[in-house]
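Source file: entry05.cif (mmCIF, N, CA and C atoms)
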data_protein
#
loop_
_atom_site.label_atom_id
_atom_site.label_comp_id
_atom_site.auth_asym_id
_atom_site.auth_seq_id
_atom_site.Cartn_x
_atom_site.Cartn_y
_atom_site.Cartn_z
N MET Y 1 136.06 101.30 128.46
CA MET Y 1 135.09 101.20 127.38
C MET Y 1 133.98 102.21 127.65
N SER Y 2 133.60 102.97 126.62
CA SER Y 2 132.57 103.98 126.82
C SER Y 2 131.18 103.35 126.67
N GLU Y 3 130.25 103.95 127.36
CA GLU Y 3 128.87 103.47 127.33
C GLU Y 3 128.11 104.18 126.23
N LEU Y 4 127.31 103.44 125.49
CA LEU Y 4 126.47 104.02 124.46
C LEU Y 4 125.16 104.43 125.08
N ALA Y 5 124.92 105.72 125.09
CA ALA Y 5 123.66 106.22 125.65
C ALA Y 5 122.81 106.77 124.51
N LEU Y 6 121.65 106.19 124.34
CA LEU Y 6 120.74 106.64 123.30
C LEU Y 6 119.74 107.64 123.87
N SER Y 7 119.35 108.59 123.03
CA SER Y 7 118.31 109.53 123.42
C SER Y 7 116.99 108.78 123.56
N GLN Y 8 116.05 109.39 124.24
CA GLN Y 8 114.73 108.78 124.39
C GLN Y 8 114.08 108.54 123.02
N ASP Y 9 114.24 109.51 122.11
CA ASP Y 9 113.68 109.34 120.75
C ASP Y 9 114.27 108.12 120.07
N ALA Y 10 115.59 107.98 120.16
CA ALA Y 10 116.25 106.84 119.50
C ALA Y 10 115.83 105.52 120.15
N ARG Y 11 115.74 105.50 121.47
CA ARG Y 11 115.37 104.26 122.17
C ARG Y 11 113.95 103.83 121.80
N SER Y 12 113.01 104.76 121.82
CA SER Y 12 111.63 104.38 121.53
C SER Y 12 111.46 103.97 120.07
N THR Y 13 112.09 104.70 119.15
CA THR Y 13 111.99 104.33 117.74
C THR Y 13 112.67 102.99 117.48
N ALA Y 14 113.84 102.78 118.08
CA ALA Y 14 114.55 101.51 117.90
C ALA Y 14 113.73 100.35 118.47
N GLY Y 15 113.07 100.56 119.59
CA GLY Y 15 112.23 99.50 120.15
C GLY Y 15 111.11 99.12 119.22
N ILE Y 16 110.47 100.11 118.64
CA ILE Y 16 109.38 99.84 117.69
C ILE Y 16 109.93 99.13 116.45
N LEU Y 17 111.07 99.61 115.95
CA LEU Y 17 111.66 98.99 114.76
C LEU Y 17 112.04 97.53 115.01
N LEU Y 18 112.58 97.24 116.19
CA LEU Y 18 112.92 95.86 116.50
C LEU Y 18 111.68 94.97 116.51
N LEU Y 19 110.58 95.49 117.01
CA LEU Y 19 109.34 94.71 117.03
C LEU Y 19 108.80 94.48 115.62
N THR Y 20 109.07 95.40 114.71
CA THR Y 20 108.57 95.21 113.34
C THR Y 20 109.29 94.08 112.61
N ILE Y 21 110.45 93.69 113.11
CA ILE Y 21 111.17 92.57 112.49
C ILE Y 21 110.32 91.31 112.53
N VAL Y 22 109.48 91.17 113.54
CA VAL Y 22 108.58 90.01 113.61
C VAL Y 22 107.61 90.05 112.43
N ALA Y 23 107.13 91.22 112.06
CA ALA Y 23 106.24 91.34 110.90
C ALA Y 23 106.98 90.98 109.61
N VAL Y 24 108.24 91.39 109.51
CA VAL Y 24 109.03 91.04 108.33
C VAL Y 24 109.24 89.53 108.29
N GLU Y 25 109.47 88.93 109.44
CA GLU Y 25 109.59 87.46 109.51
C GLU Y 25 108.31 86.79 109.03
N TYR Y 26 107.19 87.29 109.49
CA TYR Y 26 105.90 86.73 109.06
C TYR Y 26 105.75 86.86 107.54
N GLY Y 27 106.19 87.99 107.01
CA GLY Y 27 106.19 88.17 105.56
C GLY Y 27 107.05 87.12 104.87
N GLY Y 28 108.09 86.69 105.54
CA GLY Y 28 108.93 85.63 105.00
C GLY Y 28 108.19 84.32 104.85
N THR Y 29 107.27 84.04 105.77
CA THR Y 29 106.48 82.81 105.64
C THR Y 29 105.56 82.90 104.42
N PHE Y 30 105.04 84.10 104.16
CA PHE Y 30 104.24 84.30 102.95
C PHE Y 30 105.10 84.09 101.71
N MET Y 31 106.33 84.63 101.74
CA MET Y 31 107.23 84.46 100.59
C MET Y 31 107.55 82.99 100.35
N LEU Y 32 107.67 82.21 101.41
CA LEU Y 32 107.89 80.77 101.24
C LEU Y 32 106.73 80.12 100.50
N ARG Y 33 105.51 80.52 100.84
CA ARG Y 33 104.34 79.99 100.14
C ARG Y 33 104.34 80.41 98.68
N VAL Y 34 104.76 81.64 98.41
CA VAL Y 34 104.83 82.13 97.03
C VAL Y 34 105.85 81.31 96.24
N VAL Y 35 107.04 81.17 96.80
CA VAL Y 35 108.12 80.47 96.11
C VAL Y 35 107.77 79.00 95.87
N ARG Y 36 107.04 78.40 96.79
CA ARG Y 36 106.65 77.00 96.64
C ARG Y 36 105.43 76.82 95.73
N GLY Y 37 104.91 77.91 95.20
CA GLY Y 37 103.79 77.83 94.26
C GLY Y 37 102.44 77.67 94.93
N ARG Y 38 102.36 77.89 96.22
CA ARG Y 38 101.09 77.74 96.94
C ARG Y 38 100.21 78.98 96.86
N VAL Y 39 100.79 80.07 96.40
CA VAL Y 39 100.04 81.31 96.20
C VAL Y 39 100.15 81.64 94.71
N PRO Y 40 99.04 81.58 93.98
CA PRO Y 40 99.13 81.84 92.53
C PRO Y 40 99.45 83.31 92.26
N MET Y 41 100.54 83.52 91.52
CA MET Y 41 100.97 84.87 91.16
C MET Y 41 101.60 84.86 89.79
N THR Y 42 101.52 86.00 89.12
CA THR Y 42 102.22 86.15 87.85
C THR Y 42 103.70 86.38 88.17
N PRO Y 43 104.57 86.20 87.19
CA PRO Y 43 105.99 86.50 87.42
C PRO Y 43 106.20 87.94 87.90
N PHE Y 44 105.44 88.88 87.34
CA PHE Y 44 105.52 90.27 87.79
C PHE Y 44 105.18 90.38 89.27
N GLN Y 45 104.08 89.79 89.70
CA GLN Y 45 103.67 89.86 91.10
C GLN Y 45 104.70 89.19 92.01
N ARG Y 46 105.25 88.07 91.57
CA ARG Y 46 106.25 87.37 92.36
C ARG Y 46 107.49 88.26 92.55
N SER Y 47 107.92 88.92 91.50
CA SER Y 47 109.11 89.78 91.61
C SER Y 47 108.83 90.98 92.50
N PHE Y 48 107.63 91.55 92.44
CA PHE Y 48 107.30 92.68 93.29
C PHE Y 48 107.15 92.23 94.75
N ALA Y 49 106.64 91.03 94.99
CA ALA Y 49 106.53 90.52 96.36
C ALA Y 49 107.92 90.33 96.96
N ARG Y 50 108.83 89.78 96.17
CA ARG Y 50 110.21 89.61 96.65
C ARG Y 50 110.86 90.96 96.94
N ALA Y 51 110.68 91.90 96.04
CA ALA Y 51 111.27 93.23 96.22
C ALA Y 51 110.69 93.92 97.46
N GLY Y 52 109.39 93.80 97.66
CA GLY Y 52 108.76 94.41 98.82
C GLY Y 52 109.27 93.83 100.12
N HIS Y 53 109.41 92.52 100.16
CA HIS Y 53 109.90 91.85 101.36
C HIS Y 53 111.36 92.23 101.64
N ALA Y 54 112.17 92.22 100.60
CA ALA Y 54 113.59 92.56 100.76
C ALA Y 54 113.77 94.00 101.23
N HIS Y 55 113.03 94.92 100.62
CA HIS Y 55 113.14 96.32 101.02
C HIS Y 55 112.70 96.52 102.47
N ALA Y 56 111.66 95.82 102.88
CA ALA Y 56 111.20 95.96 104.27
C ALA Y 56 112.31 95.59 105.23
N GLY Y 57 112.93 94.44 105.02
CA GLY Y 57 113.97 93.98 105.93
C GLY Y 57 115.18 94.89 105.95
N VAL Y 58 115.67 95.24 104.78
CA VAL Y 58 116.87 96.08 104.70
C VAL Y 58 116.62 97.47 105.28
N LEU Y 59 115.48 98.05 104.96
CA LEU Y 59 115.22 99.41 105.44
C LEU Y 59 114.94 99.47 106.94
N VAL Y 60 114.37 98.42 107.51
CA VAL Y 60 114.20 98.40 108.97
C VAL Y 60 115.58 98.37 109.64
N LEU Y 61 116.48 97.57 109.11
CA LEU Y 61 117.84 97.54 109.68
C LEU Y 61 118.55 98.88 109.49
N ALA Y 62 118.41 99.48 108.31
CA ALA Y 62 119.01 100.79 108.07
C ALA Y 62 118.41 101.84 109.02
N ALA Y 63 117.11 101.75 109.27
CA ALA Y 63 116.46 102.70 110.18
C ALA Y 63 117.01 102.57 111.60
N LEU Y 64 117.31 101.34 112.02
CA LEU Y 64 117.92 101.14 113.34
C LEU Y 64 119.28 101.83 113.41
N ILE Y 65 120.09 101.67 112.40
CA ILE Y 65 121.41 102.29 112.36
C ILE Y 65 121.29 103.81 112.37
N CYS Y 66 120.31 104.33 111.64
CA CYS Y 66 120.13 105.79 111.57
C CYS Y 66 119.78 106.40 112.93
N GLN Y 67 119.15 105.64 113.81
CA GLN Y 67 118.82 106.16 115.13
C GLN Y 67 120.10 106.48 115.89
N VAL Y 68 121.06 105.59 115.85
CA VAL Y 68 122.33 105.79 116.54
C VAL Y 68 123.11 106.94 115.89
N LEU Y 69 123.12 106.97 114.55
CA LEU Y 69 123.85 108.02 113.86
C LEU Y 69 123.23 109.40 114.08
N ALA Y 70 121.91 109.48 114.14
CA ALA Y 70 121.26 110.77 114.41
C ALA Y 70 121.63 111.28 115.80
N ASP Y 71 121.72 110.37 116.77
CA ASP Y 71 122.19 110.77 118.10
C ASP Y 71 123.63 111.25 118.04
N ALA Y 72 124.47 110.54 117.31
CA ALA Y 72 125.89 110.91 117.20
C ALA Y 72 126.05 112.28 116.54
N ALA Y 73 125.17 112.60 115.60
CA ALA Y 73 125.24 113.90 114.91
C ALA Y 73 124.59 115.01 115.71
N ALA Y 74 123.91 114.65 116.80
CA ALA Y 74 123.22 115.63 117.64
C ALA Y 74 122.27 116.50 116.81
N LEU Y 75 121.54 115.86 115.93
CA LEU Y 75 120.59 116.59 115.08
C LEU Y 75 119.32 116.91 115.84
N ASN Y 76 118.85 118.14 115.68
CA ASN Y 76 117.61 118.59 116.31
C ASN Y 76 116.72 119.24 115.26
N GLY Y 77 115.50 119.58 115.66
CA GLY Y 77 114.58 120.26 114.77
C GLY Y 77 114.20 119.41 113.57
N PHE Y 78 113.87 120.09 112.46
CA PHE Y 78 113.42 119.38 111.27
C PHE Y 78 114.47 118.40 110.73
N PRO Y 79 115.76 118.80 110.63
CA PRO Y 79 116.75 117.83 110.14
C PRO Y 79 116.83 116.58 111.03
N GLY Y 80 116.70 116.76 112.34
CA GLY Y 80 116.73 115.62 113.25
C GLY Y 80 115.52 114.72 113.07
N THR Y 81 114.37 115.33 112.93
CA THR Y 81 113.14 114.56 112.70
C THR Y 81 113.22 113.81 111.38
N LEU Y 82 113.70 114.48 110.35
CA LEU Y 82 113.84 113.85 109.04
C LEU Y 82 114.83 112.68 109.09
N ALA Y 83 115.98 112.90 109.75
CA ALA Y 83 117.00 111.85 109.84
C ALA Y 83 116.50 110.65 110.63
N ARG Y 84 115.74 110.90 111.69
CA ARG Y 84 115.23 109.80 112.52
C ARG Y 84 114.02 109.09 111.93
N SER Y 85 113.16 109.83 111.25
CA SER Y 85 111.87 109.27 110.82
C SER Y 85 111.80 108.92 109.34
N GLY Y 86 112.68 109.48 108.52
CA GLY Y 86 112.59 109.26 107.08
C GLY Y 86 112.84 107.82 106.66
N VAL Y 87 113.87 107.20 107.21
CA VAL Y 87 114.16 105.82 106.81
C VAL Y 87 113.07 104.86 107.33
N PRO Y 88 112.60 105.02 108.58
CA PRO Y 88 111.46 104.17 108.97
C PRO Y 88 110.23 104.38 108.09
N ALA Y 89 109.98 105.62 107.68
CA ALA Y 89 108.84 105.87 106.78
C ALA Y 89 109.07 105.17 105.43
N ALA Y 90 110.30 105.23 104.94
CA ALA Y 90 110.62 104.55 103.68
C ALA Y 90 110.46 103.03 103.83
N ALA Y 91 110.72 102.52 105.03
CA ALA Y 91 110.55 101.08 105.29
C ALA Y 91 109.09 100.67 105.21
N ILE Y 92 108.20 101.62 105.31
CA ILE Y 92 106.77 101.36 105.13
C ILE Y 92 106.36 101.63 103.68
N LEU Y 93 106.82 102.75 103.14
CA LEU Y 93 106.39 103.18 101.80
C LEU Y 93 106.87 102.25 100.69
N PHE Y 94 108.13 101.83 100.74
CA PHE Y 94 108.64 100.94 99.68
C PHE Y 94 107.87 99.63 99.62
N PRO Y 95 107.79 98.86 100.72
CA PRO Y 95 107.03 97.61 100.63
C PRO Y 95 105.57 97.83 100.25
N ALA Y 96 104.97 98.89 100.80
CA ALA Y 96 103.57 99.18 100.44
C ALA Y 96 103.45 99.42 98.95
N GLY Y 97 104.40 100.15 98.38
CA GLY Y 97 104.39 100.41 96.94
C GLY Y 97 104.50 99.14 96.12
N PHE Y 98 105.43 98.27 96.53
CA PHE Y 98 105.59 97.00 95.79
C PHE Y 98 104.36 96.12 95.93
N PHE Y 99 103.89 95.94 97.17
CA PHE Y 99 102.76 95.03 97.39
C PHE Y 99 101.45 95.57 96.82
N LEU Y 100 101.13 96.82 97.13
CA LEU Y 100 99.84 97.36 96.73
C LEU Y 100 99.74 97.63 95.23
N SER Y 101 100.86 97.94 94.58
CA SER Y 101 100.78 98.21 93.14
C SER Y 101 100.73 96.93 92.31
N SER Y 102 100.91 95.78 92.96
CA SER Y 102 100.87 94.52 92.22
C SER Y 102 99.67 93.65 92.60
N VAL Y 103 98.80 94.18 93.45
CA VAL Y 103 97.66 93.40 93.92
C VAL Y 103 96.60 93.28 92.83
N GLY Y 104 95.99 92.13 92.76
CA GLY Y 104 94.93 91.88 91.78
C GLY Y 104 95.22 90.63 90.99
N LYS Y 105 94.21 89.86 90.77
CA LYS Y 105 94.36 88.58 90.07
C LYS Y 105 94.94 88.78 88.67
N GLY Y 106 96.03 88.07 88.40
CA GLY Y 106 96.62 88.06 87.07
C GLY Y 106 97.34 89.32 86.64
N ARG Y 107 97.61 90.22 87.56
CA ARG Y 107 98.23 91.51 87.20
C ARG Y 107 99.63 91.27 86.62
N THR Y 108 99.93 91.99 85.53
CA THR Y 108 101.23 91.87 84.88
C THR Y 108 102.00 93.19 84.83
N GLU Y 109 101.40 94.24 85.37
CA GLU Y 109 102.08 95.53 85.46
C GLU Y 109 101.51 96.30 86.64
N PRO Y 110 102.26 97.27 87.14
CA PRO Y 110 101.80 97.98 88.35
C PRO Y 110 100.56 98.81 88.12
N ASN Y 111 99.75 98.91 89.18
CA ASN Y 111 98.59 99.80 89.15
C ASN Y 111 99.03 101.19 89.61
N PRO Y 112 98.14 102.16 89.69
CA PRO Y 112 98.54 103.53 90.04
C PRO Y 112 99.20 103.69 91.42
N LEU Y 113 99.07 102.71 92.30
CA LEU Y 113 99.71 102.84 93.61
C LEU Y 113 101.23 102.74 93.56
N ILE Y 114 101.77 102.61 92.37
CA ILE Y 114 103.22 102.61 92.19
C ILE Y 114 103.83 103.94 92.69
N TRP Y 115 102.99 104.98 92.78
CA TRP Y 115 103.48 106.28 93.26
C TRP Y 115 104.07 106.16 94.66
N LEU Y 116 103.65 105.16 95.44
CA LEU Y 116 104.21 104.97 96.78
C LEU Y 116 105.71 104.70 96.73
N LEU Y 117 106.16 104.03 95.68
CA LEU Y 117 107.61 103.79 95.53
C LEU Y 117 108.37 105.10 95.35
N TYR Y 118 107.81 106.00 94.57
CA TYR Y 118 108.49 107.27 94.32
C TYR Y 118 108.52 108.13 95.58
N VAL Y 119 107.43 108.11 96.33
CA VAL Y 119 107.42 108.86 97.60
C VAL Y 119 108.41 108.24 98.58
N GLY Y 120 108.46 106.91 98.61
CA GLY Y 120 109.42 106.23 99.48
C GLY Y 120 110.85 106.57 99.11
N ALA Y 121 111.14 106.60 97.81
CA ALA Y 121 112.49 106.93 97.36
C ALA Y 121 112.87 108.37 97.73
N ALA Y 122 111.94 109.29 97.55
CA ALA Y 122 112.21 110.69 97.90
C ALA Y 122 112.40 110.85 99.41
N THR Y 123 111.60 110.16 100.18
CA THR Y 123 111.72 110.22 101.65
C THR Y 123 113.05 109.64 102.10
N LEU Y 124 113.41 108.50 101.55
CA LEU Y 124 114.69 107.88 101.90
C LEU Y 124 115.85 108.80 101.54
N ALA Y 125 115.83 109.36 100.35
CA ALA Y 125 116.91 110.25 99.91
C ALA Y 125 117.02 111.48 100.81
N ALA Y 126 115.90 112.11 101.11
CA ALA Y 126 115.92 113.31 101.95
C ALA Y 126 116.46 112.99 103.34
N SER Y 127 116.07 111.86 103.89
CA SER Y 127 116.49 111.54 105.26
C SER Y 127 117.97 111.20 105.33
N VAL Y 128 118.49 110.46 104.36
CA VAL Y 128 119.91 110.12 104.43
C VAL Y 128 120.79 111.32 104.09
N VAL Y 129 120.29 112.22 103.25
CA VAL Y 129 121.05 113.46 102.98
C VAL Y 129 121.09 114.31 104.25
N ALA Y 130 119.95 114.45 104.93
CA ALA Y 130 119.94 115.22 106.18
C ALA Y 130 120.89 114.61 107.20
N LEU Y 131 120.88 113.30 107.32
CA LEU Y 131 121.75 112.62 108.29
C LEU Y 131 123.20 112.73 107.86
N GLY Y 132 123.48 112.54 106.59
CA GLY Y 132 124.86 112.65 106.11
C GLY Y 132 125.44 114.03 106.33
N ILE Y 133 124.68 115.07 105.99
CA ILE Y 133 125.14 116.44 106.21
C ILE Y 133 125.34 116.69 107.70
N GLY Y 134 124.41 116.20 108.52
CA GLY Y 134 124.54 116.37 109.97
C GLY Y 134 125.79 115.72 110.52
N LEU Y 135 126.15 114.58 109.99
CA LEU Y 135 127.36 113.89 110.45
C LEU Y 135 128.63 114.58 109.97
N LEU Y 136 128.55 115.24 108.80
CA LEU Y 136 129.74 115.90 108.25
C LEU Y 136 130.00 117.28 108.83
N ARG Y 137 129.00 117.89 109.44
CA ARG Y 137 129.23 119.25 109.94
C ARG Y 137 129.88 119.26 111.29
#
Take the structure in the file and write it out as structure tokens.
Amino acid sequence: MSELALSQDARSTAGILLLTIVAVEYGGTFMLRVVRGRVPMTPFQRSFARAGHAHAGVLVLAALICQVLADAAALNGFPGTLARSGVPAAAILFPAGFFLSSVGKGRTEPNPLIWLLYVGAATLAASVVALGIGLLR
């Protein structure tokens, strides 16, 4: 059986990502309060809170996987940095976009901070394209 050896970059980023799962868990306790009606929110705010929480969890897991794949692709320089850091950045930008654009009493539509979602989407797309191309070459 072969041993999986991660680069120092992958190990340190993966360690940080694993620790962030505790923050996502804590967010889950907030979501429980929302679902139980203990936090007053409009239907719009409730849907954005759910989307923000879901994106955080999924993207943190995807970011962990990308660390191993970036090592496997032996990516260096800008493509390597993009492949390693883009998905973790998207794991911050997407939830921030959902949560921050829906903040405010009685809000029924996003505020201007919705732009964070678009930046998150572009960052995610660029990083997975860089990683995908790196794996295919």
Pull out every residue that the PyMOL selection byres ((chain Y and resi 108) around 7) matches in the shown coordinates and put them as an MDAnalysis selection string. chainID Y and resid 42:45 105:107 109:110
Explicit residue set for the PyMOL selection byres (((chain Y and resi 53 and name CA) around 9) and name CA), as a compact mmCIF listing (two decimals) with N, CA and C atoms, in the frame of the given file:
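Result file is result_12.txt:
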# COMPACT_ATOMS: atom_id res chain seq x y z
N VAL Y 24 108.24 91.39 109.51
CA VAL Y 24 109.03 91.04 108.33
C VAL Y 24 109.24 89.53 108.29
N GLY Y 27 106.19 87.99 107.01
CA GLY Y 27 106.19 88.17 105.56
C GLY Y 27 107.05 87.12 104.87
N GLY Y 28 108.09 86.69 105.54
CA GLY Y 28 108.93 85.63 105.00
C GLY Y 28 108.19 84.32 104.85
N MET Y 31 106.33 84.63 101.74
CA MET Y 31 107.23 84.46 100.59
C MET Y 31 107.55 82.99 100.35
N PHE Y 48 107.63 91.55 92.44
CA PHE Y 48 107.30 92.68 93.29
C PHE Y 48 107.15 92.23 94.75
N ALA Y 49 106.64 91.03 94.99
CA ALA Y 49 106.53 90.52 96.36
C ALA Y 49 107.92 90.33 96.96
N ARG Y 50 108.83 89.78 96.17
CA ARG Y 50 110.21 89.61 96.65
C ARG Y 50 110.86 90.96 96.94
N ALA Y 51 110.68 91.90 96.04
CA ALA Y 51 111.27 93.23 96.22
C ALA Y 51 110.69 93.92 97.46
N GLY Y 52 109.39 93.80 97.66
CA GLY Y 52 108.76 94.41 98.82
C GLY Y 52 109.27 93.83 100.12
N ALA Y 54 112.17 92.22 100.60
CA ALA Y 54 113.59 92.56 100.76
C ALA Y 54 113.77 94.00 101.23
N HIS Y 55 113.03 94.92 100.62
CA HIS Y 55 113.14 96.32 101.02
C HIS Y 55 112.70 96.52 102.47
N ALA Y 56 111.66 95.82 102.88
CA ALA Y 56 111.20 95.96 104.27
C ALA Y 56 112.31 95.59 105.23
N GLY Y 57 112.93 94.44 105.02
CA GLY Y 57 113.97 93.98 105.93
C GLY Y 57 115.18 94.89 105.95
N VAL Y 58 115.67 95.24 104.78
CA VAL Y 58 116.87 96.08 104.70
C VAL Y 58 116.62 97.47 105.28
N PRO Y 95 107.79 98.86 100.72
CA PRO Y 95 107.03 97.61 100.63
C PRO Y 95 105.57 97.83 100.25
N PHE Y 98 105.43 98.27 96.53
CA PHE Y 98 105.59 97.00 95.79
C PHE Y 98 104.36 96.12 95.93
N PHE Y 99 103.89 95.94 97.17
CA PHE Y 99 102.76 95.03 97.39
C PHE Y 99 101.45 95.57 96.82
As number ranges by chain, list the residues of chain Y assigned to alpha helix (DSSP H) by DSSP on the backbone atoms of this structure. Y: 8-35, 43-73, 77-100, 115-136
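Using only N, CA and C atoms for every distance, the candidate list Y:Ala126, Y:Leu100, Y:Val87, Y:Ile92 yields Y:Val87 as the residue closest to Leu64 of chain Y.
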Of the candidates Y:Val128, Y:Ala63, Y:Leu116, Y:Ala10, which shows the shortest atom-to-atom distance to Phe94 of chain Y, using all atoms listed in the file? Y:Leu116
What is the atom CA of Ala91 of chain Y to atom CA of Ile16 of chain Y distance in Å? 12.5 Å
Which is closest to Leu113 of chain Y among Y:Ala125, Y:Ala96, Y:Ala70, Y:Leu75, if we use all atoms listed in the file? Y:Ala96
Using only C-alpha atoms, pick whichever of Y:Ser102, Y:Gln67, Y:Thr29, Y:Ser127 has the shortest atom-to-atom distance to Ala90 of chain Y. Y:Ser127
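Between Val22 of chain Y and the candidates Y:Val129, Y:Leu6, Y:Met41, Y:Val60, the tightest atom-to-atom separation, counting only C-alpha atoms, involves Y:Val60.
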Specify the axis-aligned box that encloses all atoms of segment 48-66 of chain Y listed in the file after padding of 5 Å on each side, stating its centre and edge lengths in Å to one decimal as lines of an AutoDock Vina configuration file.
center_x = 114.0
center_y = 98.0
center_z = 102.9
size_x = 24.9
size_y = 26.8
size_z = 31.0
What is the atom C of Val39 of chain Y-atom N of Asn111 of chain Y distance in Å, reported with one decimal?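 Separating atom C of Val39 of chain Y from atom N of Asn111 of chain Y is a distance of 18.1 Å.
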Would you please work out which residue, of Y:Arg33, Y:Arg38, Y:Arg84, Y:Arg46, is nearest to Thr13 of chain Y when using only N, CA and C atoms?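 Ranking Y:Arg33, Y:Arg38, Y:Arg84, Y:Arg46 by distance to Thr13 of chain Y, first place goes to Y:Arg84.
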